[in-house]
>>> print(open('data_3.cif').read())   # mmCIF, C-alpha atoms
data_work
loop_
_atom_site.group_PDB
_atom_site.id
_atom_site.type_symbol
_atom_site.label_atom_id
_atom_site.label_comp_id
_atom_site.auth_asym_id
_atom_site.auth_seq_id
_atom_site.Cartn_x
_atom_site.Cartn_y
_atom_site.Cartn_z
ATOM 1 C CA MET G 5 -26.872 -7.274 3.713
ATOM 2 C CA THR G 6 -23.666 -7.011 1.713
ATOM 3 C CA ALA G 7 -20.400 -6.071 3.407
ATOM 4 C CA VAL G 8 -16.838 -5.488 2.200
ATOM 5 C CA TYR G 9 -13.665 -4.721 4.108
ATOM 6 C CA GLY G 10 -12.000 -1.316 4.199
ATOM 7 C CA ASN G 11 -8.529 0.039 4.712
ATOM 8 C CA ALA G 12 -8.813 0.164 8.519
ATOM 9 C CA ASP G 13 -10.004 -3.453 8.876
ATOM 10 C CA GLY G 14 -7.635 -6.068 10.240
ATOM 11 C CA PRO G 15 -6.654 -9.474 8.841
ATOM 12 C CA GLU G 16 -9.470 -11.366 10.589
ATOM 13 C CA LEU G 17 -12.185 -9.340 8.891
ATOM 14 C CA ARG G 18 -10.318 -9.280 5.572
ATOM 15 C CA ALA G 19 -10.248 -13.075 5.630
ATOM 16 C CA ARG G 20 -14.058 -13.164 5.914
ATOM 17 C CA LEU G 21 -15.128 -10.332 3.598
ATOM 18 C CA PRO G 22 -14.315 -9.452 -0.021
ATOM 19 C CA GLN G 23 -12.751 -6.186 -1.126
ATOM 20 C CA VAL G 24 -15.450 -5.867 -3.807
ATOM 21 C CA ALA G 25 -18.914 -7.424 -3.906
ATOM 22 C CA GLU G 26 -20.881 -7.663 -7.149
ATOM 23 C CA LEU G 27 -24.566 -8.551 -7.021
ATOM 24 C CA GLU G 28 -27.872 -8.038 -8.777
ATOM 25 C CA LEU G 29 -30.742 -6.322 -6.983
ATOM 26 C CA ASP G 30 -34.119 -5.792 -8.655
ATOM 27 C CA GLY G 31 -32.488 -6.112 -12.074
ATOM 28 C CA PHE G 32 -29.644 -3.653 -11.340
ATOM 29 C CA ASP G 33 -25.973 -4.670 -11.481
ATOM 30 C CA VAL G 34 -24.557 -3.397 -8.179
ATOM 31 C CA VAL G 35 -20.963 -3.084 -6.963
ATOM 32 C CA VAL G 36 -20.144 -2.493 -3.295
ATOM 33 C CA THR G 37 -16.560 -1.540 -2.422
ATOM 34 C CA HIS G 38 -14.813 0.508 0.222
ATOM 35 C CA GLY G 39 -12.955 2.255 -2.593
ATOM 36 C CA ASP G 40 -9.547 2.682 -0.934
ATOM 37 C CA GLN G 41 -7.929 0.552 -3.662
ATOM 38 C CA LEU G 42 -8.412 3.572 -5.952
ATOM 39 C CA GLY G 43 -6.509 5.971 -3.688
ATOM 40 C CA HIS G 44 -8.986 8.841 -3.601
ATOM 41 C CA PRO G 45 -12.115 7.370 -5.195
ATOM 42 C CA THR G 46 -14.318 9.590 -7.328
ATOM 43 C CA PRO G 47 -17.492 8.669 -9.169
ATOM 44 C CA GLU G 48 -15.582 8.810 -12.467
ATOM 45 C CA LYS G 49 -12.771 6.523 -11.221
ATOM 46 C CA LEU G 50 -15.301 4.060 -9.804
ATOM 47 C CA HIS G 51 -17.273 3.975 -13.057
ATOM 48 C CA ALA G 52 -14.057 3.408 -15.065
ATOM 49 C CA THR G 53 -13.046 0.574 -12.704
ATOM 50 C CA PHE G 54 -16.490 -1.086 -12.729
ATOM 51 C CA PRO G 55 -17.892 -0.237 -16.199
ATOM 52 C CA ARG G 56 -20.705 -2.835 -16.101
ATOM 53 C CA ALA G 57 -22.145 -1.612 -12.780
ATOM 54 C CA GLU G 58 -25.342 0.404 -12.824
ATOM 55 C CA ILE G 59 -25.072 1.242 -9.119
ATOM 56 C CA ILE G 60 -21.810 1.672 -7.200
ATOM 57 C CA VAL G 61 -21.768 2.051 -3.418
ATOM 58 C CA TYR G 62 -18.491 3.001 -1.734
ATOM 59 C CA GLY G 63 -17.348 4.575 1.512
ATOM 60 C CA HIS G 64 -13.632 5.390 1.804
ATOM 61 C CA THR G 65 -14.013 9.175 2.064
ATOM 62 C CA HIS G 66 -16.909 9.023 4.581
ATOM 63 C CA LYS G 67 -18.456 11.990 2.722
ATOM 64 C CA PRO G 68 -22.104 11.481 1.736
ATOM 65 C CA LEU G 69 -22.441 11.638 -2.034
ATOM 66 C CA LEU G 70 -25.140 10.753 -4.535
ATOM 67 C CA GLU G 71 -24.187 11.353 -8.154
ATOM 68 C CA LEU G 72 -25.257 10.267 -11.611
ATOM 69 C CA VAL G 73 -22.329 9.397 -13.896
ATOM 70 C CA ASP G 74 -22.647 8.955 -17.653
ATOM 71 C CA ARG G 75 -26.436 9.524 -17.328
ATOM 72 C CA THR G 76 -27.075 5.929 -16.234
ATOM 73 C CA VAL G 77 -24.761 4.971 -13.346
ATOM 74 C CA THR G 78 -25.744 5.898 -9.799
ATOM 75 C CA VAL G 79 -22.797 6.313 -7.417
ATOM 76 C CA MET G 80 -23.494 6.582 -3.683
ATOM 77 C CA ASN G 81 -21.300 7.093 -0.665
ATOM 78 C CA PRO G 82 -23.581 6.721 2.374
ATOM 79 C CA GLY G 83 -21.139 8.549 4.651
ATOM 80 C CA GLY G 84 -20.366 6.963 7.995
ATOM 81 C CA ALA G 85 -22.906 5.772 10.562
ATOM 82 C CA GLY G 86 -20.421 5.336 13.406
ATOM 83 C CA GLN G 87 -18.274 7.634 15.469
ATOM 84 C CA PRO G 88 -17.806 10.909 13.541
ATOM 85 C CA ARG G 89 -14.586 11.194 11.532
ATOM 86 C CA PHE G 90 -13.057 14.097 9.646
ATOM 87 C CA ARG G 91 -15.561 16.517 11.224
ATOM 88 C CA LEU G 92 -18.390 14.938 9.214
ATOM 89 C CA LYS G 93 -21.788 14.270 10.747
ATOM 90 C CA PRO G 94 -22.848 10.591 10.887
ATOM 91 C CA SER G 95 -25.209 9.552 8.096
ATOM 92 C CA VAL G 96 -26.678 6.585 6.273
ATOM 93 C CA GLY G 97 -27.590 6.240 2.622
ATOM 94 C CA ILE G 98 -30.939 4.840 1.603
ATOM 95 C CA MET G 99 -31.493 3.690 -1.960
ATOM 96 C CA GLU G 100 -34.860 2.486 -3.211
ATOM 97 C CA LEU G 101 -34.817 0.110 -6.158
ATOM 98 C CA GLU G 102 -37.681 -0.896 -8.395
ATOM 99 C CA ALA G 103 -37.210 -2.709 -11.697
ATOM 100 C CA GLY G 104 -37.622 -0.410 -14.689
ATOM 101 C CA ILE G 105 -37.378 2.811 -12.632
ATOM 102 C CA PRO G 106 -34.126 4.738 -11.992
ATOM 103 C CA PRO G 107 -32.792 4.265 -8.427
ATOM 104 C CA ARG G 108 -33.943 6.797 -5.847
ATOM 105 C CA GLY G 109 -31.446 7.694 -3.143
ATOM 106 C CA ARG G 110 -31.379 9.914 -0.089
ATOM 107 C CA PHE G 111 -29.499 10.365 3.160
ATOM 108 C CA GLY G 112 -30.646 10.020 6.726
ATOM 109 C CA ALA G 113 -29.091 11.583 9.779
ATOM 110 C CA VAL G 114 -27.820 9.299 12.520
ATOM 111 C CA ARG G 115 -28.020 10.158 16.185
ATOM 112 C CA LEU G 116 -25.261 8.699 18.332
ATOM 113 C CA THR G 117 -26.019 7.664 21.887
ATOM 114 C CA SER G 118 -23.480 6.753 24.509
ATOM 115 C CA VAL G 119 -23.325 3.040 25.274
ATOM 116 C CA MET G 120 -20.178 2.770 27.369
ATOM 117 C CA ALA G 121 -17.506 5.255 28.405
ATOM 118 C CA GLY G 122 -15.586 6.220 25.286
ATOM 119 C CA ARG G 123 -17.834 4.239 22.930
ATOM 120 C CA SER G 124 -20.999 5.023 21.050
ATOM 121 C CA ALA G 125 -23.554 3.238 18.926
ATOM 122 C CA ALA G 126 -25.566 4.455 15.993
ATOM 123 C CA ALA G 127 -29.289 4.762 16.506
ATOM 124 C CA SER G 128 -31.593 3.976 13.647
ATOM 125 C CA ALA G 129 -32.084 6.361 10.762
ATOM 126 C CA PRO G 130 -35.467 7.961 10.223
ATOM 127 C CA PRO G 131 -38.019 5.778 8.452
ATOM 128 C CA PRO G 132 -38.393 6.131 4.661
ATOM 129 C CA ALA G 133 -40.677 8.907 3.505
ATOM 130 C CA ALA G 134 -44.100 7.775 2.355
#
>>> encode(input="data_3.cif", output="structure tokens")
Amino acid sequence: MTAVYGNADGPELRARLPQVAELELDGFDVVVTHGDQLGHPTPEKLHATFPRAEIIVYGHTHKPLLELVDRTVTVMNPGGAGQPRFRLKPSVGIMELEAGIPPRGRFGAVRLTSVMAGRSAAASAPPPAA
């Protein structure tokens, strides 16, 4: 699992997590960022900021998005799996990677169940399609 901090995270979490994580998965150069450092991140802004990345995952807007930029860069915003914000339904992004094949991405719905008064937890997303 790779995690980064976002604009709503406090100093304790910011001290433990990076703002941007760069890694290689199955031969793909991947960047994970919350994206708030770009103001209102767009796929084009993200690609310009991280030109070597083949896959960029971000989350600041909480709006699910899967877009191909410049014919080779996959940009995904998985949405938000927690308490709904901005009248958006909770979701998760699922990206399948296999060396030599373009990334395949999709979204899964998340069902929230009450855990304690005023709090909720995300249940698991549906299993990948066969």
>>> atom_distance(input="data_3.cif", atom1="atom CA of Gly109 of chain G", atom2="atom CA of Met80 of chain G")
8.0 Å
>>> residues_around(input="data_3.cif", residues="Leu101 of chain G", least_positions_apart="6", cutoff="10 Å", atoms="all atoms listed in the file", output="MDAnalysis selection string")
chainID G and resid 29:32 107:109
>>> resolve_selection(input="data_3.cif", expression="the PyMOL selection byres ((chain G and resi 99) around 10)", output="number ranges by chain")
G: 59, 61, 70, 78, 80, 82, 96-98, 100-101, 107-111, 132
>>> write_last_selection(input="data_3.cif", atoms="C-alpha atoms", output="CSV table (one decimal), in the coordinates of the input")
chain,number,residue,atom,x,y,z
G,59,ILE,CA,-25.1,1.2,-9.1
G,61,VAL,CA,-21.8,2.1,-3.4
G,70,LEU,CA,-25.1,10.8,-4.5
G,78,THR,CA,-25.7,5.9,-9.8
G,80,MET,CA,-23.5,6.6,-3.7
G,82,PRO,CA,-23.6,6.7,2.4
G,96,VAL,CA,-26.7,6.6,6.3
G,97,GLY,CA,-27.6,6.2,2.6
G,98,ILE,CA,-30.9,4.8,1.6
G,100,GLU,CA,-34.9,2.5,-3.2
G,101,LEU,CA,-34.8,0.1,-6.2
G,107,PRO,CA,-32.8,4.3,-8.4
G,108,ARG,CA,-33.9,6.8,-5.8
G,109,GLY,CA,-31.4,7.7,-3.1
G,110,ARG,CA,-31.4,9.9,-0.1
G,111,PHE,CA,-29.5,10.4,3.2
G,132,PRO,CA,-38.4,6.1,4.7
>>> resolve_selection(input="data_3.cif", expression="the PyMOL selection byres ((chain G and resi 114) around 6)", output="PDB file with C-alpha atoms, in the frame of the given file")
ATOM      1  CA  PRO G  94     -22.848  10.591  10.887  1.00  0.00           C
ATOM      2  CA  SER G  95     -25.209   9.552   8.096  1.00  0.00           C
ATOM      3  CA  ALA G 113     -29.091  11.583   9.779  1.00  0.00           C
ATOM      4  CA  ARG G 115     -28.020  10.158  16.185  1.00  0.00           C
ATOM      5  CA  ALA G 129     -32.084   6.361  10.762  1.00  0.00           C
TER       6      ALA G 129
END
>>> closest_residue(input="data_3.cif", among="G:Gly84, G:Val77, G:Asp40, G:Leu69", to="Pro55 of chain G", atoms="all atoms listed in the file")
G:Val77
>>> atom_distance(input="data_3.cif", atom1="atom CA of Phe54 of chain G", atom2="atom CA of Gly83 of chain G")
20.4 Å
>>> decode(input="data_3.cif", residues="segment 61-77 of chain G", atoms="N, CA, C and O atoms", output="compact mmCIF listing (two decimals), in the first residue's frame")
# COMPACT_ATOMS: atom_id res chain seq x y z
N VAL G 61 -2.08 8.72 -9.80
CA VAL G 61 -3.26 8.53 -8.97
C VAL G 61 -3.33 9.72 -8.02
O VAL G 61 -2.36 10.03 -7.34
N TYR G 62 -4.48 10.39 -7.98
CA TYR G 62 -4.65 11.55 -7.11
C TYR G 62 -6.05 11.54 -6.51
O TYR G 62 -6.88 10.71 -6.88
N GLY G 63 -6.33 12.46 -5.58
CA GLY G 63 -7.63 12.38 -4.94
C GLY G 63 -8.28 13.68 -4.49
O GLY G 63 -9.38 13.65 -3.98
N HIS G 64 -7.64 14.81 -4.62
CA HIS G 64 -8.10 16.05 -4.00
C HIS G 64 -9.56 16.39 -4.28
O HIS G 64 -10.28 16.84 -3.39
N THR G 65 -10.04 16.18 -5.47
CA THR G 65 -11.41 16.57 -5.82
C THR G 65 -12.46 15.58 -5.35
O THR G 65 -13.65 15.90 -5.33
N HIS G 66 -12.07 14.37 -5.00
CA HIS G 66 -12.97 13.29 -4.57
C HIS G 66 -13.91 12.84 -5.68
O HIS G 66 -14.82 12.08 -5.44
N LYS G 67 -13.69 13.29 -6.91
CA LYS G 67 -14.55 12.91 -8.04
C LYS G 67 -13.88 11.77 -8.80
O LYS G 67 -12.77 11.94 -9.32
N PRO G 68 -14.54 10.62 -8.90
CA PRO G 68 -13.94 9.52 -9.66
C PRO G 68 -13.63 9.94 -11.10
O PRO G 68 -14.45 10.60 -11.75
N LEU G 69 -12.45 9.60 -11.55
CA LEU G 69 -12.02 9.98 -12.90
C LEU G 69 -11.01 8.95 -13.39
O LEU G 69 -10.14 8.52 -12.63
N LEU G 70 -11.14 8.55 -14.62
CA LEU G 70 -10.17 7.69 -15.28
C LEU G 70 -10.00 8.25 -16.67
O LEU G 70 -10.94 8.29 -17.47
N GLU G 71 -8.78 8.75 -16.96
CA GLU G 71 -8.57 9.45 -18.23
C GLU G 71 -7.19 9.12 -18.79
O GLU G 71 -6.23 8.99 -18.04
N LEU G 72 -7.13 9.04 -20.09
CA LEU G 72 -5.87 8.84 -20.80
C LEU G 72 -5.40 10.20 -21.29
O LEU G 72 -6.15 10.93 -21.94
N VAL G 73 -4.16 10.58 -20.94
CA VAL G 73 -3.59 11.86 -21.33
C VAL G 73 -2.41 11.59 -22.26
O VAL G 73 -1.59 10.71 -21.98
N ASP G 74 -2.31 12.32 -23.32
CA ASP G 74 -1.18 12.18 -24.25
C ASP G 74 -1.03 10.75 -24.76
O ASP G 74 0.06 10.26 -24.97
N ARG G 75 -2.12 10.04 -24.87
CA ARG G 75 -2.21 8.66 -25.40
C ARG G 75 -1.44 7.60 -24.62
O ARG G 75 -1.51 6.43 -24.96
N THR G 76 -0.69 7.98 -23.59
CA THR G 76 0.10 6.96 -22.89
C THR G 76 0.02 7.06 -21.36
O THR G 76 0.44 6.15 -20.68
N VAL G 77 -0.49 8.15 -20.82
CA VAL G 77 -0.48 8.36 -19.37
C VAL G 77 -1.89 8.15 -18.83
O VAL G 77 -2.83 8.81 -19.25
